[in-house]
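Right, one structure below, let's go through it.
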Number of protein chains: 2
Amino acid sequence: MKRFMNSADDFVDEMLEGLCAAYPGFALDPQDRRVVRRASPAGHGKVGIASGGESGHLPLFTGYVGPGLLDSCAIGNVFAGPTVGSCIAAIKAADAGRGVLRLYGNYGGDRMNFDLAGEMLEGDIRTTTVLGTDDIASAAPEEARKRRGVAGILYAYKTAGALAEEGADLDSIAEIAARTVARSRTIGCALTPCILPGASAPTFAIGEDEMEMGMGIHGEPGIWRAGLKPADEVAEEMVTRLLAEIPDGSDGRVSMLVNSLGSTPLEELLILFRKARAVLDEKGLRLVQPLVGPYVTSLEMGGASISLLHLDDELERLLAAPCDCPFWKV
Amino acid sequence: MKRFMNSADDFVDEMLEGLCAAYPGFALDPQDRRVVRRASPAGHGKVGIASGGESGHLPLFTGYVGPGLLDSCAIGNVFAGPTVGSCIAAIKAADAGRGVLRLYGNYGGDRMNFDLAGEMLEGDIRTTTVLGTDDIASAAPEEARKRRGVAGILYAYKTAGALAEEGADLDSIAEIAARTVARSRTIGCALTPCILPGASAPTFAIGEDEMEMGMGIHGEPGIWRAGLKPADEVAEEMVTRLLAEIPDGSDGRVSMLVNSLGSTPLEELLILFRKARAVLDEKGLRLVQPLVGPYVTSLEMGGASISLLHLDDELERLLAAPCDCPFWKV
């Protein structure tokens, strides 16, 4: 595999050093160099928000540390979750005396390590957990809590981050994050795999003329695999599947994220967006603050995901509130 | 080739429709749907800045239309320059009575069509031209004016755009753009080619374990082709080549853009950035406002470029001035 790297072993640490060298808003935690925190912590009076996850998905997770978003982030090796120690360090880094929300995607290893970290800090730091579970292809609607977290977690970062910046308490912030997750839906469509640094084989195999609807960001099996279809057909199916589950109380306001999984160029995202937006318009939905770009990737994986967040007054307000990191400024 | 598209013939028009559907700041020109303009034109009192070029390089060119940057942009087919008609429409769209700077990359076809457009508008709209010529691998220093324009043109968009927003006249803006180009240097390093929509073969061939230093963004021949080298070695060579030509009057302040040519992930850009920054630090240069990301791409081409802009007081001030488009906010 062709990459700009020095060695697979140093890939993550050098990437994190580069991140902090490029952007003065990020700092590595002095206790644990697999934790990225704000260079200027928010300080007293603010509930902290800590996230974490695997390397290989930039700008997720570490890229979203900043005012109006996360306070800290624990990061693991490529496609491997953070250690318990990094989860503890991330929670400590986010703590300013009013408790910490642990906000991350629903993956077994991450859950185990973040839960253990929360238990070990019990008595010292009050924490609570909200899990991203937006991938509709990963479990049926009746089992929505079992779904994996993918690109839609960005919306929870944004709304919870904005409310925390306003000085709300931990319970209110956890409620907003949970509400955001409950009103977010994502589906992906994969074209080509990626290869992990140092590995010799791709993460999955797929035919030269095939695509897979619903495939997860690590190649988890999707809904169907078939020959390539026109972009409009793909976009329409994705949006239709997302709209098959409308959360209670939705009034037709949605935000939409059309996201590249890595090597899929912006040109193609915009072609997908064009049709996805037309489908929303036809159905009388009102689009608010759309996002298009590489927000949650899997190295050079080819494909795209579409996420919808069904807004209410408070979510719309929080989505429009200021935030500031190199990859998302409002 | 696997793509999200409907047909190669519709690729560009649908991409532009998607761009305008996603971002309310962009509008297609009513006279020519291959011209993107600000949805809210700056209006009287401001010199216009028009650019243009091929499709396939997003966010360049059209993505950089917005306050503090471009007023309009003419866009061609994938890897083909805009028509004379689109160049005329872009200049007209940028005109608010005080003249228009034509600011684009040094490619024969673009030059011919923009020059013809300027001649046809003579007497109606005063225009002047500044060409991006930052690719150091494309001609020797003695023939710097013959160099191709690549990612470094962004810096000229930024400084000229900021000065225009302040109300400066056309000559001053052209001088700043020309000074910015003269103080910008870029070099690329390619790993893998892209495939044009509808084509069956890649734009160039390169071995499975090879890289090419200095290759252009369309696969133009570079300086050497050899087996893969460690990222640190590549970054050090790129920066060293860039610093072999220091413009007169430089005092050591530089901005640096580490840019993905398409499929190269942000993780790898940061690994390159880490070493590139270390080289600048060793040489006592002071880094100002670095940029890392997919700013100027060639569809899914693999590789990266590094650009340096040698600052002076005015350029540093203009680089830090506000700008607002979806892909670059200051």
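Residue numbering restarts at 1 for every chain of the structure tokens, chains are lettered A, B, ... in their displayed order, and ligands are numbered from 1 as they appear.
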Within 7 Å of region 31-38 of chain B, counting only C-alpha atoms, which residues qualify if same-chain residues fewer than 6 places away don't, as a list of chain:residue names?
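Skipping anything fewer than 6 positions along the chain leaves B:Gly25, B:Thr62, B:Val65, B:Gly66, B:Asp71, B:Ser72, B:Cys73, B:Ala74, B:Ile75, B:Gly76, B:Ser86, B:Ala89, B:Ala90, B:Ala93.
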Excluding region 41-58 of chain B and any residue of its chain fewer than 2 positions from it, enumerate the residues within 6 Å of it, using only C-alpha atoms, and give them as a VMD selection string.
chain B and resid 38 60 70 to 82 91 94 to 96 98 to 104 164 167 296 to 299
Choose the residue, out of B:Glu14, B:Glu300, B:Glu314, B:Asp232, that has the smallest atom-to-atom separation from Thr203 (chain B); count only C-alpha atoms.
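Closest to Thr203 (chain B) of all the choices is B:Glu300.
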Write out as CSV a residue-level contact list of chain B versus chain A with cut-off 7 Å: for each qualifying residue the closest pair of atoms and the distance in Å to one decimal, counting only C-alpha atoms, rows sorted by chain and residue number upward.
```
residue,atom,partner,partner_atom,distance
B:Lys2,CA,A:Leu191,CA,6.6
B:Phe4,CA,A:Ala231,CA,4.7
B:Met5,CA,A:Ala231,CA,4.6
B:Asn6,CA,A:Pro230,CA,4.6
B:Glu14,CA,A:Ile271,CA,5.6
B:Met15,CA,A:Ile271,CA,5.0
B:Glu17,CA,A:Arg274,CA,6.5
B:Gly18,CA,A:Arg274,CA,4.3
B:Leu19,CA,A:Leu270,CA,5.9
B:Ala21,CA,A:Arg274,CA,6.4
B:Ala22,CA,A:Pro290,CA,6.3
B:Leu58,CA,A:Leu266,CA,6.4
B:Leu191,CA,A:Lys2,CA,6.6
B:Asp209,CA,A:Lys2,CA,6.8
B:Pro230,CA,A:Asn6,CA,4.7
B:Ala231,CA,A:Met5,CA,4.6
B:Asp232,CA,A:Asn6,CA,6.6
B:Gly262,CA,A:Ser263,CA,6.4
B:Ser263,CA,A:Ser263,CA,4.1
B:Thr264,CA,A:Glu300,CA,6.6
B:Pro265,CA,A:Leu299,CA,5.5
B:Leu266,CA,A:Leu58,CA,6.4
B:Glu267,CA,A:Met15,CA,5.6
B:Glu268,CA,A:Phe4,CA,5.5
B:Leu270,CA,A:Gly18,CA,4.6
B:Ile271,CA,A:Met15,CA,5.0
B:Phe273,CA,A:Gly18,CA,5.8
B:Arg274,CA,A:Gly18,CA,4.2
B:Pro290,CA,A:Ala22,CA,6.3
B:Leu299,CA,A:Pro265,CA,5.5
B:Glu300,CA,A:Ser263,CA,5.7
```
Pick from B:Leu154, B:Leu280, B:Leu170, B:Ala140, whichever lies nearest to Thr127 (chain B) using only C-alpha atoms
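Of all the options, B:Leu170 lies closest to Thr127 (chain B).
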Region 172-312 of chain A: residues DSSP assigns to strand (DSSP E), reported as a count of residues only
39
